[in-house]
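J.: My structure is in work_36.txt, and what it holds is compact mmCIF, C-alpha atoms and all ligand atoms:
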```txt
# COMPACT_ATOMS: atom_id res chain seq x y z
CA MET L 1 172.36 4.82 188.43
CA THR L 2 170.01 6.62 190.82
CA THR L 3 170.90 10.22 191.61
CA ALA L 4 169.84 12.14 194.72
CA LEU L 5 170.10 15.69 196.02
CA VAL L 6 169.89 16.52 199.73
CA THR L 7 169.58 20.17 200.82
CA GLY L 8 171.19 21.51 203.99
CA ALA L 9 173.41 18.47 204.05
CA ASN L 10 176.74 19.71 205.40
CA LYS L 11 175.86 18.61 208.93
CA GLY L 12 173.21 17.10 211.18
CA ILE L 13 170.41 14.94 209.81
CA GLY L 14 171.07 16.02 206.21
CA LEU L 15 174.63 14.76 206.34
CA ALA L 16 173.40 11.46 207.81
CA ILE L 17 170.85 11.16 204.97
CA VAL L 18 173.65 11.70 202.43
CA LYS L 19 175.75 8.93 204.00
CA GLN L 20 172.84 6.47 204.06
CA LEU L 21 171.86 7.23 200.45
CA LEU L 22 175.49 6.73 199.40
CA ASP L 23 175.39 3.35 201.17
CA THR L 24 172.52 2.32 198.88
CA GLY L 25 174.79 2.93 195.88
CA MET L 26 173.24 6.20 194.72
CA THR L 27 175.15 9.14 193.30
CA VAL L 28 174.48 11.85 195.87
CA TYR L 29 174.69 15.62 195.53
CA LEU L 30 175.29 17.24 198.91
CA GLY L 31 173.62 20.66 198.91
CA ALA L 32 174.97 23.33 201.23
CA ARG L 33 174.74 27.11 201.27
CA ASP L 34 178.34 27.53 202.43
CA THR L 35 180.91 26.35 199.89
CA GLU L 36 183.69 25.60 202.37
CA ARG L 37 181.48 23.58 204.73
CA GLY L 38 179.77 21.83 201.82
CA GLU L 39 182.97 20.91 199.98
CA LYS L 40 184.48 19.51 203.17
CA ALA L 41 181.41 17.38 203.94
CA ALA L 42 181.30 16.14 200.35
CA ALA L 43 184.99 15.22 200.39
CA ASP L 44 184.54 13.41 203.73
CA THR L 45 181.64 11.31 202.45
CA GLY L 46 182.27 10.76 198.74
CA ALA L 47 179.25 12.85 197.74
CA ARG L 48 179.32 15.61 195.11
CA PHE L 49 179.02 19.17 196.40
CA VAL L 50 176.45 21.57 194.99
CA GLN L 51 176.14 25.13 196.31
CA LEU L 52 172.50 25.74 197.17
CA ASP L 53 170.92 28.31 199.46
CA VAL L 54 167.22 27.48 199.48
CA THR L 55 166.31 31.14 200.14
CA ASP L 56 168.31 32.34 197.12
CA GLN L 57 166.43 31.67 193.88
CA GLU L 58 169.49 32.30 191.72
CA SER L 59 171.56 29.76 193.65
CA VAL L 60 168.74 27.20 193.36
CA ARG L 61 168.44 27.87 189.62
CA ARG L 62 172.21 27.43 189.17
CA ALA L 63 172.15 24.19 191.18
CA ALA L 64 169.34 22.80 189.01
CA ALA L 65 171.16 23.81 185.82
CA SER L 66 174.31 22.01 187.01
CA LEU L 67 172.51 18.64 187.36
CA GLU L 68 171.97 16.45 184.34
CA HIS L 69 169.75 13.93 186.04
CA LEU L 70 167.82 13.64 189.30
CA ASP L 71 165.65 10.90 190.76
CA VAL L 72 165.46 11.78 194.45
CA LEU L 73 165.11 15.18 196.11
CA VAL L 74 165.33 15.42 199.89
CA ASN L 75 164.34 18.86 201.20
CA ASN L 76 166.11 18.72 204.53
CA ALA L 77 167.39 22.28 205.03
CA GLY L 78 165.56 23.88 207.93
CA VAL L 79 165.90 26.50 210.63
CA VAL L 80 164.17 27.30 213.89
CA GLY L 81 164.14 30.91 212.79
CA GLY L 82 166.35 32.73 215.24
CA GLY L 83 167.16 32.43 218.88
CA ARG L 84 164.64 34.99 220.09
CA ALA L 85 161.21 34.27 221.50
CA GLN L 86 158.58 32.60 219.33
CA GLU L 87 156.15 32.45 222.25
CA PRO L 88 152.70 33.99 221.89
CA GLY L 89 152.80 37.46 223.41
CA SER L 90 156.49 38.10 222.76
CA VAL L 91 156.95 37.06 219.15
CA HIS L 92 159.70 38.53 217.01
CA LEU L 93 158.03 38.55 213.62
CA ASP L 94 161.41 38.53 211.84
CA ASP L 95 162.09 35.12 213.38
CA VAL L 96 158.73 33.80 212.19
CA ARG L 97 159.50 35.11 208.70
CA LYS L 98 162.92 33.42 208.77
CA ALA L 99 161.34 30.08 209.63
CA PHE L 100 158.82 30.35 206.80
CA GLU L 101 161.42 31.67 204.33
CA THR L 102 163.58 28.55 204.68
CA ASN L 103 161.16 25.83 205.79
CA VAL L 104 158.31 26.66 203.40
CA PHE L 105 159.23 29.11 200.62
CA GLY L 106 162.68 27.53 200.27
CA VAL L 107 161.18 24.08 199.75
CA ILE L 108 158.74 25.36 197.12
CA THR L 109 161.60 27.12 195.31
CA VAL L 110 163.76 23.99 195.26
CA ILE L 111 160.97 21.62 194.19
CA ASP L 112 159.87 23.87 191.35
CA ALA L 113 163.45 24.24 190.10
CA MET L 114 164.09 20.48 190.26
CA LEU L 115 160.72 19.31 188.94
CA PRO L 116 161.71 19.16 185.24
CA LEU L 117 164.59 16.84 186.20
CA LEU L 118 162.37 14.72 188.46
CA ARG L 119 159.70 14.44 185.76
CA ALA L 120 162.34 13.05 183.42
CA SER L 121 163.11 10.29 185.93
CA GLU L 122 161.16 7.03 185.82
CA HIS L 123 161.12 6.82 189.63
CA GLY L 124 161.06 10.38 190.98
CA ARG L 125 160.85 10.78 194.76
CA ILE L 126 160.47 13.94 196.83
CA VAL L 127 160.95 13.78 200.60
CA ASN L 128 160.31 16.84 202.74
CA VAL L 129 161.80 16.85 206.23
CA SER L 130 159.16 18.26 208.55
CA SER L 131 158.51 17.78 212.26
CA ILE L 132 155.84 16.13 214.37
CA THR L 133 155.60 19.53 216.11
CA GLY L 134 153.90 20.72 212.91
CA SER L 135 151.08 18.22 213.41
CA LEU L 136 147.85 20.17 214.02
CA THR L 137 146.57 17.19 215.97
CA GLY L 138 149.54 17.22 218.34
CA MET L 139 150.43 20.87 218.67
CA PHE L 140 147.53 21.78 220.98
CA ALA L 141 147.14 18.47 222.76
CA ALA L 142 150.73 17.47 223.43
CA ASP L 143 152.16 19.41 226.38
CA ASP L 144 155.72 18.42 225.54
CA TYR L 145 155.65 20.06 222.08
CA PRO L 146 157.30 23.49 221.96
CA THR L 147 155.07 26.57 221.70
CA ALA L 148 156.86 28.18 218.77
CA VAL L 149 154.76 30.48 216.60
CA GLY L 150 157.31 30.39 213.78
CA TYR L 151 158.90 26.95 213.61
CA SER L 152 155.95 24.63 214.27
CA PRO L 153 153.44 26.42 211.98
CA SER L 154 156.13 26.58 209.27
CA LYS L 155 156.27 22.78 209.39
CA THR L 156 152.44 22.61 209.27
CA ALA L 157 152.60 24.73 206.13
CA LEU L 158 155.33 22.47 204.74
CA ASN L 159 153.04 19.48 205.31
CA ALA L 160 150.28 21.24 203.34
CA VAL L 161 152.73 22.13 200.56
CA THR L 162 153.70 18.46 200.41
CA LEU L 163 150.07 17.50 199.84
CA MET L 164 149.69 20.06 197.03
CA TYR L 165 152.67 18.58 195.17
CA ALA L 166 151.59 15.00 195.88
CA LYS L 167 148.15 15.81 194.46
CA ALA L 168 149.54 17.59 191.41
CA LEU L 169 151.89 14.67 190.71
CA LYS L 170 149.44 11.87 191.61
CA HIS L 171 149.26 10.59 188.03
CA THR L 172 153.03 10.60 187.50
CA PRO L 173 155.64 8.17 188.88
CA ILE L 174 156.79 10.87 191.34
CA LYS L 175 156.00 10.15 195.00
CA VAL L 176 155.93 13.05 197.45
CA ASN L 177 156.03 12.42 201.18
CA VAL L 178 156.88 14.28 204.35
CA VAL L 179 158.73 12.84 207.34
CA CYS L 180 159.67 13.60 210.93
CA PRO L 181 163.14 12.43 211.99
CA GLY L 182 162.31 12.49 215.70
CA TYR L 183 164.12 14.52 218.34
CA CYS L 184 167.77 14.26 217.28
CA ALA L 185 170.87 15.80 218.83
CA THR L 186 171.95 18.47 216.33
CA ASP L 187 172.93 22.14 216.28
CA LEU L 188 169.25 22.99 215.65
CA ASN L 189 168.34 22.15 219.26
CA HIS L 190 171.79 22.69 220.84
CA HIS L 191 172.20 18.91 220.92
CA GLN L 192 169.30 18.41 223.34
CA GLY L 193 167.75 15.70 221.13
CA VAL L 194 167.75 12.10 222.30
CA ARG L 195 168.24 10.38 218.92
CA THR L 196 171.31 10.37 216.72
CA PRO L 197 171.26 12.09 213.30
CA ALA L 198 171.70 8.62 211.79
CA GLN L 199 168.51 7.42 213.49
CA GLY L 200 166.72 10.56 212.33
CA ALA L 201 167.86 10.00 208.75
CA ARG L 202 166.32 6.54 208.45
CA ILE L 203 162.73 7.52 207.68
CA ALA L 204 163.83 10.05 205.03
CA VAL L 205 165.96 7.36 203.38
CA GLU L 206 163.06 4.90 203.52
CA MET L 207 160.81 7.39 201.70
CA ALA L 208 163.61 8.28 199.26
CA THR L 209 164.01 4.63 198.28
CA LEU L 210 160.30 3.70 198.07
CA GLY L 211 159.33 1.16 195.48
CA ASP L 212 156.98 2.09 192.64
CA ASP L 213 154.06 0.65 194.65
CA GLY L 214 154.87 2.86 197.64
CA PRO L 215 152.62 5.59 199.09
CA THR L 216 152.45 9.26 198.17
CA GLY L 217 151.01 12.21 200.10
CA GLY L 218 151.78 10.80 203.56
CA PHE L 219 153.37 12.01 206.81
CA TYR L 220 155.63 9.42 208.47
CA ASP L 221 158.10 8.77 211.23
CA ASP L 222 159.76 5.56 212.39
CA ASN L 223 156.49 4.49 214.04
CA GLY L 224 154.43 4.81 210.87
CA VAL L 225 151.79 7.35 209.85
CA ILE L 226 151.64 10.65 211.79
CA ALA L 227 148.28 12.42 212.22
CA TRP L 228 148.17 15.71 210.27
P1 LIG L 301 171.05 21.41 211.72
O1 LIG L 301 172.10 20.49 212.25
O2 LIG L 301 170.95 22.82 212.23
O3 LIG L 301 171.19 21.42 210.12
C1 LIG L 301 170.40 22.26 209.34
C2 LIG L 301 171.01 22.30 207.95
O4 LIG L 301 170.20 23.16 207.13
C3 LIG L 301 172.43 22.87 207.94
O5 LIG L 301 173.20 22.19 206.98
C4 LIG L 301 172.20 24.30 207.50
O6 LIG L 301 173.32 24.89 206.87
C5 LIG L 301 171.08 24.07 206.50
N1 LIG L 301 170.40 25.29 206.11
C6 LIG L 301 169.78 26.20 206.88
N2 LIG L 301 169.31 27.20 206.13
C7 LIG L 301 169.64 26.91 204.85
C8 LIG L 301 169.44 27.56 203.61
N3 LIG L 301 168.82 28.75 203.52
N4 LIG L 301 169.89 26.97 202.47
C9 LIG L 301 170.53 25.78 202.54
N5 LIG L 301 170.79 25.13 203.69
C10 LIG L 301 170.33 25.70 204.83
O7 LIG L 301 169.59 20.82 211.95
P2 LIG L 301 168.98 19.34 211.81
O8 LIG L 301 168.44 18.99 213.15
O9 LIG L 301 169.92 18.42 211.14
O10 LIG L 301 167.71 19.66 210.88
C11 LIG L 301 167.50 19.07 209.61
C12 LIG L 301 166.01 19.07 209.35
O11 LIG L 301 165.35 18.23 210.30
C13 LIG L 301 165.36 20.44 209.49
O12 LIG L 301 164.40 20.62 208.46
C14 LIG L 301 164.68 20.38 210.85
O13 LIG L 301 163.58 21.26 210.95
C15 LIG L 301 164.25 18.92 210.86
N6 LIG L 301 163.98 18.38 212.21
C16 LIG L 301 164.96 18.27 213.11
C17 LIG L 301 164.66 17.73 214.36
C18 LIG L 301 165.72 17.56 215.42
O14 LIG L 301 165.39 17.11 216.54
N7 LIG L 301 166.98 17.86 215.15
C19 LIG L 301 163.36 17.30 214.66
C20 LIG L 301 162.37 17.45 213.70
C21 LIG L 301 162.70 17.97 212.47
P3 LIG L 301 174.43 25.76 207.69
O15 LIG L 301 175.40 24.78 208.28
O16 LIG L 301 175.03 26.61 206.63
O17 LIG L 301 173.69 26.54 208.74
```
As a first step, turn the structure in this file into structure tokens.
Ligand code: NAP
T.:
Amino acid sequence: MTTALVTGANKGIGLAIVKQLLDTGMTVYLGARDTERGEKAAADTGARFVQLDVTDQESVRRAAASLEHLDVLVNNAGVVGGGRAQEPGSVHLDDVRKAFETNVFGVITVIDAMLPLLRASEHGRIVNVSSITGSLTGMFAADDYPTAVGYSPSKTALNAVTLMYAKALKHTPIKVNVVCPGYCATDLNHHQGVRTPAQGARIAVEMATLGDDGPTGGFYDDNGVIAW
């Protein structure tokens, strides 16, 4: 039986990833920082709840200790970093720090805590949920990308972190990839997105269920490879 953990999974794209992984027959742990919201989402879907705040090392350690087995880790939890300005010239540094705390340091914390479990699996998979707005190639050239000094660079850093783990784990069965779900209607963007969370979840699920001959160290969306 394949076992997966999805962080930040009580709503939005994370919840959709949980549902789609359950549909494949996996045992799925639904990670959420809030116990009430997490338990409700787990009960609604048939997943197992695990309390996990990615910015709280003790909660991540406890979550890892509570799992006996893990094959698939989806680092989905993410924040914009506060509602204040992230525009050059009027940046609230606290908001930038919040984005990096969750989107980068949180992912490193969770991967390191779960790595012993993933190493024990014969088919370990790590999927980091990033954003195309973190693409260095796109962020200057594409006028329709947001100019957000915290959020977008935090996703660029997450992409780089992904490559470090992919490289370190290159000679193991563990595959490490990073994905963009596309612009989905969720609380993160006040439901301005044009895709559904279910559509956004698809690429993460594809990378979570890669065969042993699948790629590692790549950045993907539904259209294929994204330029770094
Ligand atoms: P969302 O609806 O706001 O969901 C974010 C989830 O992350 C929530 O469950 C939230 O929990 C959780 N979370 C936040 N901080 C956390 C922490 N410290 N520990 C654990 N969980 C935490 O947003 P979403 O759109 O589904 O975003 C999911 C991922 O997709 C994010 O990484 C985001 O950057 C990425 N993404 C989204 C879009 C888009 O268009 N929506 C596009 C590109 C990338 P609470 O309910 O407790 O707040």
J.: Give the residue list for ligand LIG 301 (chain L) at 6 Å, counting all atoms listed in the file, as number ranges by chain, sorted by chain and then by residue number.
T.: L: 7-14, 32-34, 52-55, 76-79, 102, 129-131, 180-188, 193
J.: For C-alpha atoms, I'd like the residues from the last selection saved as a compact mmCIF listing (two decimals), in the frame of the given file.
T.:
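Ended up saving to part-v2.txt:
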```txt
# COMPACT_ATOMS: atom_id res chain seq x y z
CA THR L 7 169.58 20.17 200.82
CA GLY L 8 171.19 21.51 203.99
CA ALA L 9 173.41 18.47 204.05
CA ASN L 10 176.74 19.71 205.40
CA LYS L 11 175.86 18.61 208.93
CA GLY L 12 173.21 17.10 211.18
CA ILE L 13 170.41 14.94 209.81
CA GLY L 14 171.07 16.02 206.21
CA ALA L 32 174.97 23.33 201.23
CA ARG L 33 174.74 27.11 201.27
CA ASP L 34 178.34 27.53 202.43
CA LEU L 52 172.50 25.74 197.17
CA ASP L 53 170.92 28.31 199.46
CA VAL L 54 167.22 27.48 199.48
CA THR L 55 166.31 31.14 200.14
CA ASN L 76 166.11 18.72 204.53
CA ALA L 77 167.39 22.28 205.03
CA GLY L 78 165.56 23.88 207.93
CA VAL L 79 165.90 26.50 210.63
CA THR L 102 163.58 28.55 204.68
CA VAL L 129 161.80 16.85 206.23
CA SER L 130 159.16 18.26 208.55
CA SER L 131 158.51 17.78 212.26
CA CYS L 180 159.67 13.60 210.93
CA PRO L 181 163.14 12.43 211.99
CA GLY L 182 162.31 12.49 215.70
CA TYR L 183 164.12 14.52 218.34
CA CYS L 184 167.77 14.26 217.28
CA ALA L 185 170.87 15.80 218.83
CA THR L 186 171.95 18.47 216.33
CA ASP L 187 172.93 22.14 216.28
CA LEU L 188 169.25 22.99 215.65
CA GLY L 193 167.75 15.70 221.13
```
J.: Can you work out the spacing between atom CA of Val176 of chain L and atom CA of Val127 of chain L in Å, to one decimal?
T.: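 Atom-to-atom, atom CA of Val176 of chain L and atom CA of Val127 of chain L are spaced 6.0 Å apart.
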J.: Pick the closest to Arg37 of chain L from L:Gln20, L:Ser66, L:Ser154, L:Gln51: which is it, counting all atoms listed in the file?
T.: L:Gln51
J.: Need the shell around Leu5 of chain L: protein/DNA/RNA residues with any atom at most 8 Å away, counting only C-alpha atoms. Skip same-chain ones fewer than 6 positions apart. Format as a list in words?
T.: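 Returned residues: Val28, Tyr29, Leu30, Gly31, Leu70, Val72, Leu73 and Val74 of chain L.
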J.: To one decimal place in Å, what is the distance between atom CA of Leu115 of chain L and atom CA of Ala168 of chain L?
T.: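 Between atom CA of Leu115 of chain L and atom CA of Ala168 of chain L the gap is 11.6 Å.
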J.: Using all atoms listed in the file, pick whichever of L:Ser121, L:Gln86, L:Asn189, L:Thr45 has the shortest atom-to-atom distance to Glu68 of chain L.
T.: L:Ser121
J.: What is the atom CA of Phe105 of chain L-atom CA of Asn75 of chain L distance in Å, reported with one decimal?
T.: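 Here the two named atoms are 11.5 Å from each other.
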J.: Considering all atoms listed in the file, state which residue in the set L:Tyr145, L:Ala41, L:Asp95, L:Asn128 is at the smallest distance from Ala201 of chain L.
T.: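 Using all atoms listed in the file, the shortest distance to Ala201 of chain L belongs to L:Asn128.
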J.: When distances are computed from only C-alpha atoms, which of L:Leu210, L:Ala227, L:Thr172, L:Gly106 shows the smallest separation from Thr137 of chain L?
T.: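 Counting only C-alpha atoms, the residue closest to Thr137 of chain L is L:Ala227.
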J.: Quick one: what's the axis-aligned box for segment 61-75 of chain L, all listed atoms, 8 Å on every side, centre and edges in Å to one decimal, as JSON?
T.:
```
{"center_x": 169.3, "center_y": 19.4, "center_z": 192.8, "size_x": 26.0, "size_y": 33.0, "size_z": 32.9}
```
J.: From the set L:Asp44, L:Glu39, L:Asp94, L:Glu122, which residue has the shortest atom-to-atom contact distance to Thr2 of chain L, counting all atoms listed in the file?
T.: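 So, comparing all the options, the nearest one is L:Glu122.
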J.: Restricting the calculation to only C-alpha atoms: of L:Thr3, L:Lys167, L:His190, L:Asn177, which residue gets closest to Ile203 of chain L?
T.: L:Asn177
J.: Could you give me, as a PDB file with C-alpha atoms, in the frame of the given file, the residues that sit within 9 Å of (150.2, 15.3, 192.5) in the file's coordinates, counting only C-alpha atoms?
T.:
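result.pdb, freshly written:
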```pdb
ATOM      1  CA  LEU L 163     150.070  17.500 199.840  1.00  0.00           C
ATOM      2  CA  MET L 164     149.690  20.060 197.030  1.00  0.00           C
ATOM      3  CA  TYR L 165     152.670  18.580 195.170  1.00  0.00           C
ATOM      4  CA  ALA L 166     151.590  15.000 195.880  1.00  0.00           C
ATOM      5  CA  LYS L 167     148.150  15.810 194.460  1.00  0.00           C
ATOM      6  CA  ALA L 168     149.540  17.590 191.410  1.00  0.00           C
ATOM      7  CA  LEU L 169     151.890  14.670 190.710  1.00  0.00           C
ATOM      8  CA  LYS L 170     149.440  11.870 191.610  1.00  0.00           C
ATOM      9  CA  HIS L 171     149.260  10.590 188.030  1.00  0.00           C
ATOM     10  CA  THR L 172     153.030  10.600 187.500  1.00  0.00           C
ATOM     11  CA  ILE L 174     156.790  10.870 191.340  1.00  0.00           C
ATOM     12  CA  LYS L 175     156.000  10.150 195.000  1.00  0.00           C
ATOM     13  CA  VAL L 176     155.930  13.050 197.450  1.00  0.00           C
ATOM     14  CA  THR L 216     152.450   9.260 198.170  1.00  0.00           C
ATOM     15  CA  GLY L 217     151.010  12.210 200.100  1.00  0.00           C
TER      16      GLY L 217
END
```
J.: With only C-alpha atoms as the counted atoms, please give the residues lying no more than 7 Å from Leu158 of chain L, apart from itself and same-chain residues fewer than 3 positions off, as a PyMOL selection string.
T.: chain L and resi 103-104+130+154-155+161-162
J.: Write out, as a PDB file, in the coordinates of the input, the residues just selected, with C-alpha atoms.
T.:
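Resulting contents of again13.pdb:
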```
ATOM      1  CA  ASN L 103     161.160  25.830 205.790  1.00  0.00           C
ATOM      2  CA  VAL L 104     158.310  26.660 203.400  1.00  0.00           C
ATOM      3  CA  SER L 130     159.160  18.260 208.550  1.00  0.00           C
ATOM      4  CA  SER L 154     156.130  26.580 209.270  1.00  0.00           C
ATOM      5  CA  LYS L 155     156.270  22.780 209.390  1.00  0.00           C
ATOM      6  CA  VAL L 161     152.730  22.130 200.560  1.00  0.00           C
ATOM      7  CA  THR L 162     153.700  18.460 200.410  1.00  0.00           C
TER       8      THR L 162
END
```
J.: Taking (165.6, 3.0, 205.3) in the file's coordinates as the center, which residues reach within 12 Å of it, counting only C-alpha atoms, put as a PyMOL selection string?
T.: chain L and resi 16-17+19-21+23-24+181+198-211+221-222
J.: Take the selection from the previous step and output its residues with C-alpha atoms, as a compact mmCIF listing (two decimals), in the coordinates of the input.
T.:
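Writing the result to again-v4.txt gives the following:
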```txt
# COMPACT_ATOMS: atom_id res chain seq x y z
CA ALA L 16 173.40 11.46 207.81
CA ILE L 17 170.85 11.16 204.97
CA LYS L 19 175.75 8.93 204.00
CA GLN L 20 172.84 6.47 204.06
CA LEU L 21 171.86 7.23 200.45
CA ASP L 23 175.39 3.35 201.17
CA THR L 24 172.52 2.32 198.88
CA PRO L 181 163.14 12.43 211.99
CA ALA L 198 171.70 8.62 211.79
CA GLN L 199 168.51 7.42 213.49
CA GLY L 200 166.72 10.56 212.33
CA ALA L 201 167.86 10.00 208.75
CA ARG L 202 166.32 6.54 208.45
CA ILE L 203 162.73 7.52 207.68
CA ALA L 204 163.83 10.05 205.03
CA VAL L 205 165.96 7.36 203.38
CA GLU L 206 163.06 4.90 203.52
CA MET L 207 160.81 7.39 201.70
CA ALA L 208 163.61 8.28 199.26
CA THR L 209 164.01 4.63 198.28
CA LEU L 210 160.30 3.70 198.07
CA GLY L 211 159.33 1.16 195.48
CA ASP L 221 158.10 8.77 211.23
CA ASP L 222 159.76 5.56 212.39
```
J.: Output segment 18-26 of chain L with all heavy atoms present, as a PDB file, in the frame of the given file.
T.:
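As a result, out.pdb now contains:
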```pdb
ATOM      1  N   VAL L  18     172.685  11.851 203.543  1.00  0.00           N
ATOM      2  CA  VAL L  18     173.650  11.700 202.430  1.00  0.00           C
ATOM      3  C   VAL L  18     174.415  10.377 202.579  1.00  0.00           C
ATOM      4  O   VAL L  18     174.517   9.590 201.629  1.00  0.00           O
ATOM      5  CB  VAL L  18     174.640  12.886 202.399  1.00  0.00           C
ATOM      6  CG1 VAL L  18     175.848  12.576 201.525  1.00  0.00           C
ATOM      7  CG2 VAL L  18     173.937  14.145 201.902  1.00  0.00           C
ATOM      8  N   LYS L  19     174.935  10.141 203.784  1.00  0.00           N
ATOM      9  CA  LYS L  19     175.750   8.930 204.000  1.00  0.00           C
ATOM     10  C   LYS L  19     174.921   7.668 203.743  1.00  0.00           C
ATOM     11  O   LYS L  19     175.386   6.711 203.111  1.00  0.00           O
ATOM     12  CB  LYS L  19     176.277   8.901 205.442  1.00  0.00           C
ATOM     13  CG  LYS L  19     177.361   9.927 205.702  1.00  0.00           C
ATOM     14  CD  LYS L  19     177.796   9.842 207.171  1.00  0.00           C
ATOM     15  CE  LYS L  19     178.813  10.927 207.500  1.00  0.00           C
ATOM     16  NZ  LYS L  19     178.983  11.112 208.937  1.00  0.00           N
ATOM     17  N   GLN L  20     173.674   7.672 204.224  1.00  0.00           N
ATOM     18  CA  GLN L  20     172.840   6.470 204.060  1.00  0.00           C
ATOM     19  C   GLN L  20     172.415   6.275 202.607  1.00  0.00           C
ATOM     20  O   GLN L  20     172.301   5.144 202.136  1.00  0.00           O
ATOM     21  CB  GLN L  20     171.642   6.525 205.005  1.00  0.00           C
ATOM     22  CG  GLN L  20     172.081   6.373 206.462  1.00  0.00           C
ATOM     23  CD  GLN L  20     170.950   6.485 207.468  1.00  0.00           C
ATOM     24  OE1 GLN L  20     169.804   6.178 207.166  1.00  0.00           O
ATOM     25  NE2 GLN L  20     171.277   6.922 208.671  1.00  0.00           N
ATOM     26  N   LEU L  21     172.196   7.365 201.884  1.00  0.00           N
ATOM     27  CA  LEU L  21     171.860   7.230 200.450  1.00  0.00           C
ATOM     28  C   LEU L  21     173.081   6.728 199.678  1.00  0.00           C
ATOM     29  O   LEU L  21     172.950   5.896 198.768  1.00  0.00           O
ATOM     30  CB  LEU L  21     171.360   8.558 199.883  1.00  0.00           C
ATOM     31  CG  LEU L  21     169.988   9.029 200.378  1.00  0.00           C
ATOM     32  CD1 LEU L  21     169.638  10.395 199.788  1.00  0.00           C
ATOM     33  CD2 LEU L  21     168.882   8.019 200.038  1.00  0.00           C
ATOM     34  N   LEU L  22     174.265   7.220 200.043  1.00  0.00           N
ATOM     35  CA  LEU L  22     175.490   6.730 199.400  1.00  0.00           C
ATOM     36  C   LEU L  22     175.641   5.223 199.639  1.00  0.00           C
ATOM     37  O   LEU L  22     176.037   4.478 198.730  1.00  0.00           O
ATOM     38  CB  LEU L  22     176.726   7.463 199.944  1.00  0.00           C
ATOM     39  CG  LEU L  22     176.952   8.882 199.424  1.00  0.00           C
ATOM     40  CD1 LEU L  22     177.991   9.602 200.275  1.00  0.00           C
ATOM     41  CD2 LEU L  22     177.378   8.891 197.955  1.00  0.00           C
ATOM     42  N   ASP L  23     175.289   4.784 200.845  1.00  0.00           N
ATOM     43  CA  ASP L  23     175.390   3.350 201.170  1.00  0.00           C
ATOM     44  C   ASP L  23     174.489   2.488 200.301  1.00  0.00           C
ATOM     45  O   ASP L  23     174.732   1.286 200.138  1.00  0.00           O
ATOM     46  CB  ASP L  23     175.033   3.106 202.648  1.00  0.00           C
ATOM     47  CG  ASP L  23     176.149   3.555 203.583  1.00  0.00           C
ATOM     48  OD1 ASP L  23     177.271   3.787 203.089  1.00  0.00           O
ATOM     49  OD2 ASP L  23     175.885   3.677 204.797  1.00  0.00           O
ATOM     50  N   THR L  24     173.409   3.091 199.754  1.00  0.00           N
ATOM     51  CA  THR L  24     172.520   2.320 198.880  1.00  0.00           C
ATOM     52  C   THR L  24     173.078   2.230 197.453  1.00  0.00           C
ATOM     53  O   THR L  24     172.486   1.576 196.603  1.00  0.00           O
ATOM     54  CB  THR L  24     171.103   2.933 198.790  1.00  0.00           C
ATOM     55  OG1 THR L  24     171.175   4.150 198.027  1.00  0.00           O
ATOM     56  CG2 THR L  24     170.500   3.200 200.151  1.00  0.00           C
ATOM     57  N   GLY L  25     174.173   2.962 197.211  1.00  0.00           N
ATOM     58  CA  GLY L  25     174.790   2.930 195.880  1.00  0.00           C
ATOM     59  C   GLY L  25     174.405   4.098 194.991  1.00  0.00           C
ATOM     60  O   GLY L  25     174.801   4.152 193.827  1.00  0.00           O
ATOM     61  N   MET L  26     173.639   5.035 195.535  1.00  0.00           N
ATOM     62  CA  MET L  26     173.240   6.200 194.720  1.00  0.00           C
ATOM     63  C   MET L  26     174.420   7.159 194.520  1.00  0.00           C
ATOM     64  O   MET L  26     175.336   7.211 195.330  1.00  0.00           O
ATOM     65  CB  MET L  26     172.137   6.988 195.429  1.00  0.00           C
ATOM     66  CG  MET L  26     170.793   6.318 195.438  1.00  0.00           C
ATOM     67  SD  MET L  26     169.557   7.479 196.107  1.00  0.00           S
ATOM     68  CE  MET L  26     168.224   6.342 196.455  1.00  0.00           C
TER      69      MET L  26
END
```
